[in-house]
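Have a look at target_19.cif below; it lists mmCIF, C-alpha atoms.
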```
data_input
#
loop_
_atom_site.label_atom_id
_atom_site.label_comp_id
_atom_site.auth_asym_id
_atom_site.auth_seq_id
_atom_site.Cartn_x
_atom_site.Cartn_y
_atom_site.Cartn_z
CA MET A 6 -32.83 64.21 -68.81
CA ASN A 7 -29.41 64.67 -67.61
CA ILE A 8 -26.80 62.04 -67.03
CA GLY A 9 -27.31 62.07 -63.25
CA ASP A 10 -30.97 61.16 -63.65
CA ILE A 11 -30.14 58.38 -66.09
CA LEU A 12 -27.55 56.93 -63.74
CA VAL A 13 -29.90 57.10 -60.78
CA ASN A 14 -32.80 55.60 -62.74
CA GLN A 15 -30.86 52.77 -64.39
CA ILE A 16 -27.99 52.03 -62.00
CA GLY A 17 -29.88 52.78 -58.75
CA PRO A 18 -32.11 49.69 -58.89
CA VAL A 19 -29.11 47.49 -59.73
CA VAL A 20 -27.12 48.86 -56.80
CA ILE A 21 -30.10 48.46 -54.50
CA ALA A 22 -30.64 44.87 -55.71
CA ALA A 23 -26.92 44.13 -55.19
CA VAL A 24 -26.96 45.58 -51.66
CA ILE A 25 -30.13 43.61 -50.84
CA GLY A 26 -28.53 40.45 -52.27
CA ILE A 27 -25.35 40.97 -50.20
CA LEU A 28 -27.43 41.68 -47.09
CA GLY A 29 -29.49 38.52 -47.74
CA VAL A 30 -26.38 36.34 -48.10
CA THR A 31 -24.81 37.93 -45.00
CA ILE A 32 -27.98 37.49 -42.94
CA LYS A 33 -28.28 33.87 -44.11
CA ALA A 34 -24.63 33.15 -43.20
CA VAL A 35 -25.01 34.80 -39.79
CA GLY A 36 -28.30 32.96 -39.28
CA ASN A 37 -26.66 29.62 -40.12
CA VAL A 38 -23.86 30.33 -37.63
CA ILE A 39 -26.40 31.25 -34.95
CA ILE A 40 -28.45 28.10 -35.67
CA GLU A 41 -25.29 25.99 -35.46
CA LEU A 42 -24.32 27.66 -32.18
CA ILE A 43 -27.80 27.04 -30.74
CA GLN A 44 -27.61 23.38 -31.84
CA LYS A 45 -24.22 22.95 -30.15
CA LYS A 46 -25.51 24.56 -26.94
CA LYS A 47 -28.54 22.26 -27.05
CA GLU A 48 -26.29 19.19 -27.44
CA GLU A 49 -24.10 20.42 -24.57
CA VAL A 50 -27.11 20.84 -22.29
CA GLU A 51 -28.45 17.40 -23.28
CA GLN A 52 -25.05 15.87 -22.54
CA LYS A 53 -24.91 17.57 -19.12
CA LEU A 54 -28.42 16.30 -18.38
CA GLU A 55 -27.40 12.78 -19.42
CA ILE A 56 -24.31 12.95 -17.22
CA GLY A 57 -26.41 14.18 -14.31
CA LYS A 58 -28.92 11.39 -14.90
CA HIS A 59 -26.12 8.81 -15.01
CA GLN A 60 -24.59 10.19 -11.81
CA GLN A 61 -27.97 9.93 -10.09
CA GLU A 62 -28.37 6.35 -11.33
CA LEU A 63 -24.87 5.53 -10.07
CA ALA A 64 -25.66 7.06 -6.67
CA THR A 65 -28.83 4.98 -6.46
CA ALA A 66 -26.87 1.88 -7.50
CA ARG A 67 -24.33 2.55 -4.71
CA GLU A 68 -27.18 2.88 -2.23
CA VAL A 69 -28.72 -0.42 -3.40
CA TRP A 70 -25.29 -2.08 -3.30
CA GLY A 71 -24.87 -0.97 0.31
CA MET A 72 -28.28 -2.36 1.24
CA ILE A 73 -27.59 -5.73 -0.40
CA ASP A 74 -24.04 -5.88 0.97
CA GLU A 75 -25.32 -5.18 4.48
CA GLN A 76 -27.98 -7.86 4.13
CA TYR A 77 -25.36 -10.45 3.15
CA ARG A 78 -22.74 -9.15 5.62
CA ILE A 79 -25.06 -9.75 8.56
CA THR A 80 -25.63 -13.38 7.68
CA GLY A 81 -21.99 -14.10 6.83
CA LYS A 82 -22.63 -17.74 6.01
CA VAL A 83 -21.44 -19.39 2.82
CA GLU A 84 -24.89 -20.88 2.26
CA ASP A 85 -26.31 -17.37 2.15
CA LEU A 86 -23.40 -15.97 0.14
CA ILE A 87 -24.02 -18.63 -2.50
CA LYS A 88 -27.35 -16.94 -3.16
CA SER A 89 -27.14 -14.47 -5.95
CA LYS A 90 -26.30 -11.04 -4.61
CA ALA A 91 -26.36 -9.86 -8.20
CA ALA A 92 -29.96 -10.98 -8.66
CA ASP A 93 -31.03 -9.19 -5.48
CA PHE A 94 -29.15 -6.08 -6.58
CA ASP A 95 -30.76 -6.16 -10.03
CA LYS A 96 -34.25 -6.62 -8.59
CA LEU A 97 -33.93 -3.79 -6.07
CA LEU A 98 -32.31 -1.38 -8.53
CA LYS A 99 -35.04 -2.13 -11.11
CA ALA A 100 -37.63 -1.30 -8.45
CA LYS A 101 -35.92 2.03 -7.69
CA ILE A 102 -35.18 2.97 -11.35
CA PRO A 103 -37.77 1.11 -13.46
CA TYR A 104 -36.75 2.57 -16.84
CA LEU A 105 -33.28 0.92 -16.78
CA THR A 106 -32.67 -1.97 -19.15
CA ASP A 107 -31.09 -5.21 -17.93
CA GLU A 108 -27.88 -4.25 -19.74
CA GLU A 109 -27.77 -0.84 -18.02
CA ILE A 110 -28.38 -2.49 -14.65
CA SER A 111 -25.55 -4.92 -15.33
CA GLU A 112 -23.23 -2.05 -16.27
CA LEU A 113 -24.14 -0.14 -13.11
CA ARG A 114 -23.60 -3.27 -11.00
CA GLN A 115 -20.15 -3.79 -12.51
CA ALA A 116 -19.24 -0.12 -12.04
CA VAL A 117 -20.30 -0.10 -8.40
CA ALA A 118 -18.69 -3.48 -7.68
CA GLY A 119 -15.41 -2.31 -9.16
CA GLU A 120 -15.56 0.91 -7.17
CA ILE A 121 -16.60 -0.70 -3.87
CA ASN A 122 -14.29 -3.71 -4.07
CA LYS A 123 -11.26 -1.76 -5.28
CA GLY A 124 -8.43 -2.59 -2.90
CA LYS A 125 -10.44 -5.04 -0.82
CA LYS A 126 -10.75 -8.79 -1.10
CA LEU A 127 -14.19 -9.98 -2.08
CA LEU A 128 -14.17 -12.70 0.55
CA ASN A 129 -11.65 -13.55 3.24
CA GLU A 130 -10.05 -16.75 1.96
CA ASP A 131 -9.44 -18.28 5.41
CA SER A 132 -13.00 -17.62 6.48
CA PHE A 133 -14.27 -19.08 3.22
CA LYS A 134 -12.13 -22.19 3.62
CA ASN A 135 -13.28 -22.67 7.23
CA GLN A 136 -16.93 -22.30 6.30
CA LEU A 137 -16.46 -24.68 3.37
CA VAL A 138 -14.87 -27.29 5.68
CA ASP A 139 -17.78 -26.85 8.13
CA ILE A 140 -20.31 -27.38 5.35
CA GLN A 141 -18.48 -30.47 4.10
CA THR A 142 -18.30 -31.88 7.64
CA LYS A 143 -22.01 -31.27 8.20
CA ASN A 144 -22.78 -32.82 4.82
CA ASN A 145 -20.75 -35.93 5.70
CA GLN A 146 -22.46 -36.19 9.11
CA LEU A 147 -25.87 -35.92 7.51
CA ALA A 148 -24.96 -38.58 4.95
CA GLN A 149 -23.83 -40.93 7.75
CA GLU A 150 -26.98 -40.25 9.77
CA ASN A 151 -29.06 -40.89 6.66
CA GLU A 152 -27.37 -44.29 6.13
CA ALA A 153 -27.81 -45.20 9.81
CA LEU A 154 -31.51 -44.27 9.68
CA LYS A 155 -32.00 -46.33 6.52
CA ALA A 156 -30.36 -49.33 8.21
CA LYS A 157 -32.64 -48.96 11.28
CA LEU A 158 -35.67 -48.62 9.02
CA ASN A 159 -34.72 -51.83 7.22
CA GLN A 160 -34.32 -53.62 10.59
CA VAL A 161 -37.76 -52.44 11.68
CA LYS A 162 -39.27 -53.56 8.38
CA SER A 163 -37.69 -56.99 8.76
CA VAL A 164 -39.24 -57.48 12.21
CA LEU A 165 -42.74 -56.34 11.23
CA PRO A 166 -45.07 -58.91 9.72
CA GLN A 167 -45.40 -58.56 5.99
CA GLU A 168 -48.82 -57.75 4.59
CA GLU A 169 -50.11 -60.26 2.11
CA GLN A 170 -51.15 -58.89 -1.22
#
```

Any chance you could put this one into structure tokens?
Amino acid sequence: MNIGDILVNQIGPVVIAAVIGILGVTIKAVGNVIIELIQKKKEEVEQKLEIGKHQQELATAREVWGMIDEQYRITGKVEDLIKSKAADFDKLLKAKIPYLTDEEISELRQAVAGEINKGKKLLNEDSFKNQLVDIQTKNNQLAQENEALKAKLNQVKSVLPQEEQ
């Protein structure tokens, strides 16, 4: 055997094992980088989907807000405005997007209300004051009529013969 054969027979397998080991480590490192890149892309896509879903929910909330606002705008009376617009909004939005939690509905309502009412007064103060005065006047009139009717009823009772028990 010559020295070349000895080197090839003894050193060859070591060199081959070393090259295979280096290739294995390199492939593993590249594989880990690729897996990490795929994970980041997946998270990015999920985030875009979540943003799209939220934008759709917000658009639906705006639509519901418009419907409720129009319903209350048409009536324009304080008695009707005292009713809970928020409750109507919540109910209608829950019907349109049933998977939303109450907290998510509340957040959407606040977001839409802030957006819609930005730069505009929620209620015209003069109109509110006038309607409040009208309600108080009507309330006072009804109270006076009630007292007058009670007095008349007592007069009628006093004239009618009393039933013996």

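With all atoms listed in the file taken into account, the protein and nucleic acid residues at most 8 Å from range 95-101 of chain A (excluding it and anything under 2 positions from it in its own chain) are Thr65, Ala66, Val69, Ala91, Ala92, Asp93, Pro103, Tyr104, Leu105, Asp107, Ile110, Ser111 and Arg114 of chain A.
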
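Nearest to Asp74 in chain A of all the residues A:Glu48, A:His59, A:Ala118, A:Leu42 is A:Ala118, counting only C-alpha atoms.
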
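The space separating CA of Leu54 in chain A from CA of Thr106 in chain A comes to 18.8 Å.
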
Calculate how many Å separate CA of Phe94 in chain A from CA of Ile140 in chain A, rounding to one decimal.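 So the two atoms, CA of Phe94 in chain A and CA of Ile140 in chain A, lie 26.0 Å apart.
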
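Between CA of Val117 in chain A and CA of Trp70 in chain A there is a distance of 7.4 Å.
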
Would you fill out range 48-59 of chain A with all heavy atoms and return it as a PDB file, in the frame of the given file?
```pdb
ATOM      1  N   GLU A  48     -26.968  20.478 -27.646  1.00  0.00           N
ATOM      2  CA  GLU A  48     -26.290  19.190 -27.440  1.00  0.00           C
ATOM      3  C   GLU A  48     -25.498  19.185 -26.147  1.00  0.00           C
ATOM      4  O   GLU A  48     -25.474  18.179 -25.432  1.00  0.00           O
ATOM      5  CB  GLU A  48     -25.353  18.910 -28.635  1.00  0.00           C
ATOM      6  CG  GLU A  48     -26.088  18.597 -29.918  1.00  0.00           C
ATOM      7  CD  GLU A  48     -25.164  18.536 -31.125  1.00  0.00           C
ATOM      8  OE1 GLU A  48     -23.934  18.684 -30.962  1.00  0.00           O
ATOM      9  OE2 GLU A  48     -25.683  18.356 -32.243  1.00  0.00           O
ATOM     10  N   GLU A  49     -24.867  20.312 -25.815  1.00  0.00           N
ATOM     11  CA  GLU A  49     -24.100  20.420 -24.570  1.00  0.00           C
ATOM     12  C   GLU A  49     -25.015  20.272 -23.355  1.00  0.00           C
ATOM     13  O   GLU A  49     -24.696  19.556 -22.405  1.00  0.00           O
ATOM     14  CB  GLU A  49     -23.380  21.771 -24.542  1.00  0.00           C
ATOM     15  CG  GLU A  49     -22.477  21.970 -23.347  1.00  0.00           C
ATOM     16  CD  GLU A  49     -21.796  23.332 -23.391  1.00  0.00           C
ATOM     17  OE1 GLU A  49     -21.404  23.791 -24.471  1.00  0.00           O
ATOM     18  OE2 GLU A  49     -21.669  23.922 -22.300  1.00  0.00           O
ATOM     19  N   VAL A  50     -26.149  20.934 -23.400  1.00  0.00           N
ATOM     20  CA  VAL A  50     -27.110  20.840 -22.290  1.00  0.00           C
ATOM     21  C   VAL A  50     -27.642  19.413 -22.167  1.00  0.00           C
ATOM     22  O   VAL A  50     -27.747  18.877 -21.065  1.00  0.00           O
ATOM     23  CB  VAL A  50     -28.267  21.855 -22.490  1.00  0.00           C
ATOM     24  CG1 VAL A  50     -29.410  21.576 -21.528  1.00  0.00           C
ATOM     25  CG2 VAL A  50     -27.757  23.277 -22.316  1.00  0.00           C
ATOM     26  N   GLU A  51     -27.963  18.788 -23.312  1.00  0.00           N
ATOM     27  CA  GLU A  51     -28.450  17.400 -23.280  1.00  0.00           C
ATOM     28  C   GLU A  51     -27.389  16.470 -22.699  1.00  0.00           C
ATOM     29  O   GLU A  51     -27.705  15.567 -21.929  1.00  0.00           O
ATOM     30  CB  GLU A  51     -28.836  16.950 -24.692  1.00  0.00           C
ATOM     31  CG  GLU A  51     -30.116  17.565 -25.200  1.00  0.00           C
ATOM     32  CD  GLU A  51     -30.402  17.229 -26.660  1.00  0.00           C
ATOM     33  OE1 GLU A  51     -29.503  16.732 -27.368  1.00  0.00           O
ATOM     34  OE2 GLU A  51     -31.545  17.479 -27.095  1.00  0.00           O
ATOM     35  N   GLN A  52     -26.136  16.698 -23.064  1.00  0.00           N
ATOM     36  CA  GLN A  52     -25.050  15.870 -22.540  1.00  0.00           C
ATOM     37  C   GLN A  52     -24.904  16.058 -21.034  1.00  0.00           C
ATOM     38  O   GLN A  52     -24.730  15.090 -20.294  1.00  0.00           O
ATOM     39  CB  GLN A  52     -23.737  16.216 -23.253  1.00  0.00           C
ATOM     40  CG  GLN A  52     -22.604  15.274 -22.926  1.00  0.00           C
ATOM     41  CD  GLN A  52     -21.357  15.596 -23.731  1.00  0.00           C
ATOM     42  OE1 GLN A  52     -21.157  16.722 -24.149  1.00  0.00           O
ATOM     43  NE2 GLN A  52     -20.530  14.599 -23.923  1.00  0.00           N
ATOM     44  N   LYS A  53     -24.996  17.313 -20.571  1.00  0.00           N
ATOM     45  CA  LYS A  53     -24.910  17.570 -19.120  1.00  0.00           C
ATOM     46  C   LYS A  53     -26.074  16.906 -18.396  1.00  0.00           C
ATOM     47  O   LYS A  53     -25.895  16.345 -17.315  1.00  0.00           O
ATOM     48  CB  LYS A  53     -24.901  19.073 -18.844  1.00  0.00           C
ATOM     49  CG  LYS A  53     -23.579  19.727 -19.157  1.00  0.00           C
ATOM     50  CD  LYS A  53     -23.605  21.206 -18.853  1.00  0.00           C
ATOM     51  CE  LYS A  53     -22.278  21.856 -19.198  1.00  0.00           C
ATOM     52  NZ  LYS A  53     -22.273  23.299 -18.944  1.00  0.00           N
ATOM     53  N   LEU A  54     -27.262  16.958 -18.991  1.00  0.00           N
ATOM     54  CA  LEU A  54     -28.420  16.300 -18.380  1.00  0.00           C
ATOM     55  C   LEU A  54     -28.210  14.792 -18.315  1.00  0.00           C
ATOM     56  O   LEU A  54     -28.537  14.150 -17.312  1.00  0.00           O
ATOM     57  CB  LEU A  54     -29.697  16.624 -19.161  1.00  0.00           C
ATOM     58  CG  LEU A  54     -30.242  18.039 -19.019  1.00  0.00           C
ATOM     59  CD1 LEU A  54     -31.417  18.268 -19.968  1.00  0.00           C
ATOM     60  CD2 LEU A  54     -30.651  18.328 -17.587  1.00  0.00           C
ATOM     61  N   GLU A  55     -27.659  14.221 -19.381  1.00  0.00           N
ATOM     62  CA  GLU A  55     -27.400  12.780 -19.420  1.00  0.00           C
ATOM     63  C   GLU A  55     -26.367  12.389 -18.374  1.00  0.00           C
ATOM     64  O   GLU A  55     -26.509  11.376 -17.696  1.00  0.00           O
ATOM     65  CB  GLU A  55     -26.936  12.373 -20.832  1.00  0.00           C
ATOM     66  CG  GLU A  55     -26.878  10.899 -21.060  1.00  0.00           C
ATOM     67  CD  GLU A  55     -28.243  10.218 -21.023  1.00  0.00           C
ATOM     68  OE1 GLU A  55     -29.252  10.848 -21.364  1.00  0.00           O
ATOM     69  OE2 GLU A  55     -28.285   9.043 -20.633  1.00  0.00           O
ATOM     70  N   ILE A  56     -25.327  13.219 -18.232  1.00  0.00           N
ATOM     71  CA  ILE A  56     -24.310  12.950 -17.220  1.00  0.00           C
ATOM     72  C   ILE A  56     -24.923  13.030 -15.826  1.00  0.00           C
ATOM     73  O   ILE A  56     -24.675  12.180 -14.975  1.00  0.00           O
ATOM     74  CB  ILE A  56     -23.119  13.930 -17.370  1.00  0.00           C
ATOM     75  CG1 ILE A  56     -22.319  13.584 -18.633  1.00  0.00           C
ATOM     76  CG2 ILE A  56     -22.210  13.897 -16.149  1.00  0.00           C
ATOM     77  CD1 ILE A  56     -21.273  14.623 -19.005  1.00  0.00           C
ATOM     78  N   GLY A  57     -25.736  14.045 -15.597  1.00  0.00           N
ATOM     79  CA  GLY A  57     -26.410  14.180 -14.310  1.00  0.00           C
ATOM     80  C   GLY A  57     -27.320  12.996 -14.018  1.00  0.00           C
ATOM     81  O   GLY A  57     -27.361  12.487 -12.898  1.00  0.00           O
ATOM     82  N   LYS A  58     -28.029  12.553 -15.041  1.00  0.00           N
ATOM     83  CA  LYS A  58     -28.920  11.390 -14.900  1.00  0.00           C
ATOM     84  C   LYS A  58     -28.100  10.152 -14.558  1.00  0.00           C
ATOM     85  O   LYS A  58     -28.460   9.383 -13.665  1.00  0.00           O
ATOM     86  CB  LYS A  58     -29.696  11.197 -16.202  1.00  0.00           C
ATOM     87  CG  LYS A  58     -30.620  10.013 -16.220  1.00  0.00           C
ATOM     88  CD  LYS A  58     -31.301   9.922 -17.591  1.00  0.00           C
ATOM     89  CE  LYS A  58     -32.010   8.618 -17.767  1.00  0.00           C
ATOM     90  NZ  LYS A  58     -32.528   8.460 -19.130  1.00  0.00           N
ATOM     91  N   HIS A  59     -26.976   9.982 -15.268  1.00  0.00           N
ATOM     92  CA  HIS A  59     -26.120   8.810 -15.010  1.00  0.00           C
ATOM     93  C   HIS A  59     -25.534   8.871 -13.595  1.00  0.00           C
ATOM     94  O   HIS A  59     -25.464   7.850 -12.908  1.00  0.00           O
ATOM     95  CB  HIS A  59     -25.005   8.728 -16.050  1.00  0.00           C
ATOM     96  CG  HIS A  59     -24.105   7.550 -15.851  1.00  0.00           C
ATOM     97  ND1 HIS A  59     -24.530   6.254 -16.061  1.00  0.00           N
ATOM     98  CD2 HIS A  59     -22.818   7.462 -15.439  1.00  0.00           C
ATOM     99  CE1 HIS A  59     -23.543   5.423 -15.790  1.00  0.00           C
ATOM    100  NE2 HIS A  59     -22.500   6.134 -15.408  1.00  0.00           N
TER     101      HIS A  59
END
```
